[in-house]
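Novice: Okay, here's the structure, questions in a sec.
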Amino acid sequence: MNRTADICLILEGAYPHVAGGVSSWMHDMIKGQPDLTFHVVALTATADPRPLKYDLPPNVVGFTQIPLQLGPGPSRRPRGLDRLFDALDAPLDRMLRQGGLADLAAVIDVLAPHRGRLGSQALLESEDAWRLVQRMYERGLPGASFIDYFWSWRALMGGLFQMLLTPLPPARAYHCISTGYAGLLAARARIETGRPAFITEHGIYTNERRIEIAMADWLHERAPTGFSLKRGARDLRDFWIDAFRAYARVCYQAMDPIVTLYGDNQLMQRRDGAPEAALRVIPNGVDFERFSAVPPVEDKQALEIALIGRVVPIKDVKTYIRAAGILKQRFPDLIAYVMGPTEEDPVYAKECLTLAKHLKLTDTVIFTGAVKLDDYLGRLDALALTSLSEAQPLVVLEAGAAGVPSVTTDVGCCRELLFGMAGENPALGAGGAVTPGADPEATANALAGILANPARRRAMGQAMQARVRQTYNKPDIMAIYGELYRRLAAAPGLPPLRMTAEAA
Amino acid sequence: MAGVGFALRRLSDKPDLGGAAQAYLHATVITSGPWLMTIASLAGITFLSEGQVDASDSLAFRTILIYSFCLSLCLSGGPTMAAARMIADMIFARRLGEASSLIVSLYAVALGGSLLVAVPLFLLIADLPATSGLAAVVNFGLVAAVWAGATFVTALKDYWTITAAFGIGMALALGCAVGLGGVWHLDGLIWGFNIGMGAIAFTLLGRILAEYPSDIRNMGNIAGRFRPLWPYLAIGALHNLAAWSDKWVMWFAPEAQGAIGLAYYAHYDGAMFAAYLTMIPALAAFTLHVETSFFERYRRFYDDIADHAALPEIRRAHGDLMSTLFSGLRNLIVLQAAVAAVALLAAPTIIELLTMDYRQVGMFRFGVLGAAFHCLVVVATILLSYFDLRWDNLKLQAFFLTANVVGAVGSLLSGFAFYGYGYFLASAATALFGLWLVYRRVGKLPFVTFIANNPALRAHAHKVK
């Protein structure tokens, strides 16, 4: 299982342990490249073995689970630990502040000779480590709650050190699906092996972390002393966000290409230090052949719409239910499906059911649970997507392939999906409508505009279908990745970055 | 721990001298309760029974007392220490409902263990008439019940009950022993003493029954709950074994005259107990210091951390803690040195005053030197317990036991002139080791708190992801 794979995939908290959009994309990608071999590296929160949600395809020749926690390591204090920390301090500090790949290379240079002899006892729990925490605290966040800084430091540095010390599977090219710790490991692979590495970001990791940290109630904020009302002083949230930005910056500098699903994401990638020349958009594809073959149901009695997705707050199912309530006044026989699993957030799911009941919509809003889309797409007159956040929602494309237009909120690349990328040639026209988020009336009006006008509905469906065939057809996307994988795996070794670090 | 310091502080804050004296008295009882009781009993009996009781009865009685005190202390030292820890945790967590089963268990262990040891010792091995043997077994059990009861009353910080119970109980014990001893000889001595011990044991028990809810459930759980506390069990047991080990070794000196068929060296033990008395002023002062100004700074240090203090504030709290600790230690050393110097110079006079034998002067002097360092060992033990440095504490007690046995054997082999010298060297070495352990850990308290002694470290899972 440990032969050199063509591609080493590095995933954090996703495939093959967690089911979901990115995981199924990854699974399809591996299956779609049967002539390439893969080694899957899954980063998990703890070392506990976890059940796999996918059967690994036969071309996966290696699988490694790496916990984000640093193991204890030998209990004997390694010799020269004080010198190691002295050498580590400056590049680590530079890297976390505004540094880049050369600083990461310098950190690796310090740690690499001691691999196997370093664990949490030396790097996080020694007196030398204690001195480093205090120095970093004094430089970066003097005045912050020290107990929170300590735990934050431990979590962030523990993950960082683990990524730099854990055994790295050999491969001809490395592909990570996010920045963060996965990106760090990929950057390290690039530095140490000289093999090419690239990244595909669906959502932007640092942005997701930023939201998570902003909402974190486990971080104690100490009000800065002084009379200024401006939020001037840095706090612990900045420490976390800066660390993830630093990890992203380092990762971007090592990756080529830096792929994302749509143009808007590149704004955030640029802001986090991605070099312009490496940026590239490769959208996700859907199985056009399969979905375009779904026959429309001609003899149905009523208009039918659907929201396809998990019943969770980020999908804002409640706005959809309210919109269905407004639409019902105009189309009394309307059926509004909610197609997706309700188990992930049972409390929210129950709230949605209660809302439908209060609005007297129990005959209109139908919760189907998870379904096979092929059985329903032919019945749908329009798809609604009320999500508060999305990257590139595949359901819009799957419905589009079946000729179903969509009304979506203005999130992710929905606008691009419905109206075409800039410079679409030939221009195919609108495949639906975009509305503001959390606005049931706007969603209802946009849907009514489509439902009430069959000719318009058909035209939009056709435009969507043509666009999916032209730009988002899965075999085409697979071919793009296949070409990329093969080119990178066959590329000659890149110049070793460690020399760059020494020069720096 | 909360509440202790404040109560004591209130006492010592009283402007009149009476208040201060009262506080010192309590502090003395807390630190040196068991020793004081042992010494007071032996000295009191020796002193009071002179001319009232037959000399051989008095010697037999003292031998029984020594065996009861030392064996019951060693027997219950471990369980008592672990139970003290458990009850403190229960009080802290306000889970007092679980206390009853612990109380019953500790009494059961103390009394059961007493029976197992005392019955063969006094009824089979010792050369005692059956009536006296039976009285001695009861004595052993009562003493064990006193140690067990004191644990729970101490946990309530009810020092007044303890002090009063011990004071009145001891007076009763000595009075009854001498009174009854004059009439019924050895049996009278023991039963008389038992009346006083019983008074103490049942006063403490009464206080426990009044204060703790009686709700005996989950008895089966207690053994399981004791298991993780085994370091405390070991610390308690080793602490008592260490303190007694030199005496046991010396019981086999050629000069030792046993009594009632049991080994015993009255001169050595007497000299050492008299020397122990020199520790009391300094230890009482230090205990008072620890429970008041030190405790306030100790709490501030931990509260600051939990209240999200910035590092400079934590360092400042640590600095304050260290300076109060140093000033307490400095005062202790000065006071102990002064008392020791007086005792060394006035040794012959003291021996005479205590109606002891002139051959005990040399042993007494070594004992005084040893006690000066032993006092630091006790201080180190208190401090290591305060910071919950159980492994260091365990090392310290094991070191003391080893050093004291080696020292005593060395003394024994070197001859009469060196009796007590081994204890002195062992105490000195252990004191240095103990202070080093304390300094090494408490000097780096922020590191120790956050990393070295942080139970949460292993349990901490990553919060992100």
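Chain identifiers are assigned as A, B, and so on, following the order in which chains appear in the structure tokens; residues are numbered from 1 within each chain, and ligands are numbered from 1 in order of appearance.
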Select all residues from chain A having any atom no more than 7 Å from an atom of chain B (counting only C-alpha atoms, ignoring ligands), output as a PyMOL selection string.
Specialist: chain A and resi 45+125+130+143-147+155
Novice: Among stretch 331-402 of chain A, which residues does DSSP mark as alpha helix (DSSP H) when it is run on the backbone? Keep the chain and numbering as in the structure and answer as a VMD selection string.
Specialist: chain A and resid 346 to 358 374 to 377 394 to 401
Novice: At what distance in Å, to one decimal, does atom CA of A:Val338 lie from atom CA of A:Asp316?
Specialist: 11.5 Å
Novice: Any idea what's packed within 10 Å of stretch 427-435 of chain B, counting only C-alpha atoms, ignoring anything in its chain fewer than 5 positions away? Could you give it as a ChimeraX atom specification?
Specialist: /B:243,367,369-381,383-384,392-393,395-404,407,421-422,440-441
Novice: Out of A:Asp89, A:Phe239, A:Ala5, A:Ala248, which residue has the shortest atom-to-atom distance to A:Arg131 when counting only C-alpha atoms?
Specialist: A:Asp89
Novice: So that I can check the secondary structure, give me every residue of stretch 7-190 of chain A assigned strand (DSSP E) by backbone DSSP, as an MDAnalysis selection string.
Specialist: chainID A and resid 7:12 38:44 60:67 171:176
Novice: For A:Asp381, which of A:Pro49, A:Gly194, A:Gly432, A:Gly285 is the closest residue, counting only C-alpha atoms?
Specialist: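 Checking each of A:Pro49, A:Gly194, A:Gly432, A:Gly285 against A:Asp381, counting only C-alpha atoms, the winner is A:Gly432.
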Novice: Measuring between only C-alpha atoms, which one of B:Ser56, B:Ser411, B:Thr161, B:Gln336 shows the shortest distance to B:Leu189?
Specialist: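 With only C-alpha atoms as the atom set, the closest residue is B:Ser56.
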Novice: Would you list the contacts of stretch 138-144 of chain B as a list in words, taking every protein, DNA or RNA residue within 8 Å and counting only C-alpha atoms, but skipping same-chain residues closer than 3 positions in sequence?
Specialist: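 Listing them by chain and then by number gives Ser68, Phe69, Ser72, Leu73, Ser76, Ala110, Leu111, Ser114, Leu115, Ala118, Leu134, Ala135, Trp147, Ala148, Ile190, Trp191, Phe193, Asn194, Met197, Gly198 and Ala201 of chain B.
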Novice: May I have the residues within 9 Å of B:Met170 as a PyMOL selection string, using only C-alpha atoms and disregarding those fewer than 5 positions away in the same chain?
Specialist: chain B and resi 37+40-41+165+175+193+196-197+199-200
Novice: Keeping N, CA, C and O atoms for every residue in the selection just given, could you write it to a file as a compact mmCIF listing (two decimals), in the first residue's frame?
Specialist:
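Saved result, again_7.txt, follows:
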```txt
# COMPACT_ATOMS: atom_id res chain seq x y z
N MET B 37 -0.48 14.75 70.76
CA MET B 37 -1.26 13.83 71.57
C MET B 37 -0.36 12.72 72.11
O MET B 37 -0.44 12.34 73.28
N ALA B 40 2.10 14.34 74.62
CA ALA B 40 1.39 14.76 75.83
C ALA B 40 1.00 13.54 76.66
O ALA B 40 1.14 13.54 77.89
N SER B 41 0.54 12.49 76.00
CA SER B 41 0.13 11.29 76.74
C SER B 41 1.31 10.68 77.48
O SER B 41 1.23 10.40 78.69
N ALA B 165 -11.89 19.12 71.86
CA ALA B 165 -12.02 17.68 72.10
C ALA B 165 -10.69 17.10 72.58
O ALA B 165 -10.64 16.32 73.55
N GLY B 175 -6.09 12.13 83.74
CA GLY B 175 -6.67 12.12 85.08
C GLY B 175 -7.21 10.73 85.44
O GLY B 175 -6.88 10.15 86.48
N PHE B 193 -7.33 5.69 80.61
CA PHE B 193 -6.91 6.41 79.40
C PHE B 193 -7.96 6.27 78.30
O PHE B 193 -8.26 7.21 77.57
N GLY B 196 -10.77 8.82 78.30
CA GLY B 196 -10.43 10.09 77.64
C GLY B 196 -10.43 9.95 76.12
O GLY B 196 -10.97 10.80 75.40
N MET B 197 -9.81 8.86 75.62
CA MET B 197 -9.75 8.63 74.16
C MET B 197 -11.16 8.49 73.61
O MET B 197 -11.48 9.01 72.54
N ALA B 199 -13.81 9.80 74.82
CA ALA B 199 -14.44 11.13 74.81
C ALA B 199 -14.06 11.87 73.53
O ALA B 199 -14.92 12.47 72.86
N ILE B 200 -12.78 11.80 73.19
CA ILE B 200 -12.34 12.49 71.95
C ILE B 200 -13.02 11.85 70.74
O ILE B 200 -13.62 12.53 69.90
```
Novice: If we count only C-alpha atoms and set the cut-off at 8 Å, which residues sit around A:Thr200, ignoring sequence neighbours fewer than 3 positions away in its own chain? Please answer as a tab-separated table (two decimals) with all heavy atoms, in the first residue's frame.
Specialist:
```
chain	number	residue	atom	x	y	z
A	175	HIS	N	-1.97	17.09	-4.24
A	175	HIS	CA	-3.17	17.88	-4.52
A	175	HIS	C	-3.94	18.04	-3.21
A	175	HIS	O	-4.36	17.05	-2.61
A	175	HIS	CB	-4.04	17.12	-5.56
A	175	HIS	CG	-5.29	17.87	-5.95
A	175	HIS	ND1	-6.34	17.25	-6.57
A	175	HIS	CD2	-5.64	19.17	-5.81
A	175	HIS	CE1	-7.31	18.14	-6.80
A	175	HIS	NE2	-6.90	19.32	-6.34
A	176	CYS	N	-4.08	19.28	-2.76
A	176	CYS	CA	-4.87	19.47	-1.55
A	176	CYS	C	-6.18	20.17	-1.90
A	176	CYS	O	-6.28	20.84	-2.93
A	176	CYS	CB	-4.09	20.25	-0.49
A	176	CYS	SG	-3.59	21.88	-0.99
A	177	ILE	N	-7.17	19.99	-1.02
A	177	ILE	CA	-8.52	20.47	-1.34
A	177	ILE	C	-8.87	21.67	-0.46
A	177	ILE	O	-9.99	22.16	-0.47
A	177	ILE	CB	-9.55	19.32	-1.16
A	177	ILE	CG1	-9.02	18.04	-1.79
A	177	ILE	CG2	-10.91	19.64	-1.75
A	177	ILE	CD1	-8.71	18.15	-3.28
A	178	SER	N	-7.91	22.11	0.36
A	178	SER	CA	-8.14	23.33	1.15
A	178	SER	C	-6.77	23.84	1.59
A	178	SER	O	-5.79	23.11	1.54
A	178	SER	CB	-9.01	23.03	2.37
A	178	SER	OG	-8.28	22.20	3.27
A	258	ILE	N	-3.51	27.29	-8.65
A	258	ILE	CA	-4.42	27.49	-7.52
A	258	ILE	C	-5.81	27.55	-8.11
A	258	ILE	O	-6.19	28.54	-8.73
A	258	ILE	CB	-4.08	28.79	-6.77
A	258	ILE	CG1	-2.67	28.69	-6.19
A	258	ILE	CG2	-5.11	29.07	-5.67
A	258	ILE	CD1	-2.09	30.02	-5.75
A	259	VAL	N	-6.53	26.43	-7.98
A	259	VAL	CA	-7.79	26.29	-8.68
A	259	VAL	C	-8.94	26.62	-7.74
A	259	VAL	O	-8.89	26.30	-6.56
A	259	VAL	CB	-7.96	24.83	-9.17
A	259	VAL	CG1	-9.29	24.66	-9.89
A	259	VAL	CG2	-6.80	24.44	-10.07
A	260	THR	N	-9.94	27.28	-8.28
A	260	THR	CA	-11.19	27.38	-7.53
A	260	THR	C	-12.34	27.23	-8.51
A	260	THR	O	-12.13	27.11	-9.73
A	260	THR	CB	-11.28	28.66	-6.71
A	260	THR	OG1	-12.44	28.57	-5.89
A	260	THR	CG2	-11.35	29.90	-7.58
A	261	LEU	N	-13.55	27.22	-7.98
A	261	LEU	CA	-14.69	26.87	-8.82
A	261	LEU	C	-15.23	28.03	-9.62
A	261	LEU	O	-15.84	27.85	-10.64
A	261	LEU	CB	-15.83	26.32	-7.94
A	261	LEU	CG	-15.48	25.11	-7.10
A	261	LEU	CD1	-16.70	24.68	-6.28
A	261	LEU	CD2	-15.04	23.95	-7.99
```
Novice: Point out the residue among B:Arg85, B:Tyr159, B:Cys74, B:Tyr232 with the least atom-to-atom distance to B:Val117, counting only C-alpha atoms.
Specialist: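 Of all the options, B:Cys74 lies closest to B:Val117.
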Novice: What's around A:Arg195 at 8 Å? Count only C-alpha atoms, leave out sequence neighbours fewer than 6 positions away in its own chain, and write the answer as a list in words.
Specialist: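 My list of contacting residues is Ala171, Arg172, Ala173, Tyr174, Ala189, Pro492, Gly493 and Leu494 of chain A.
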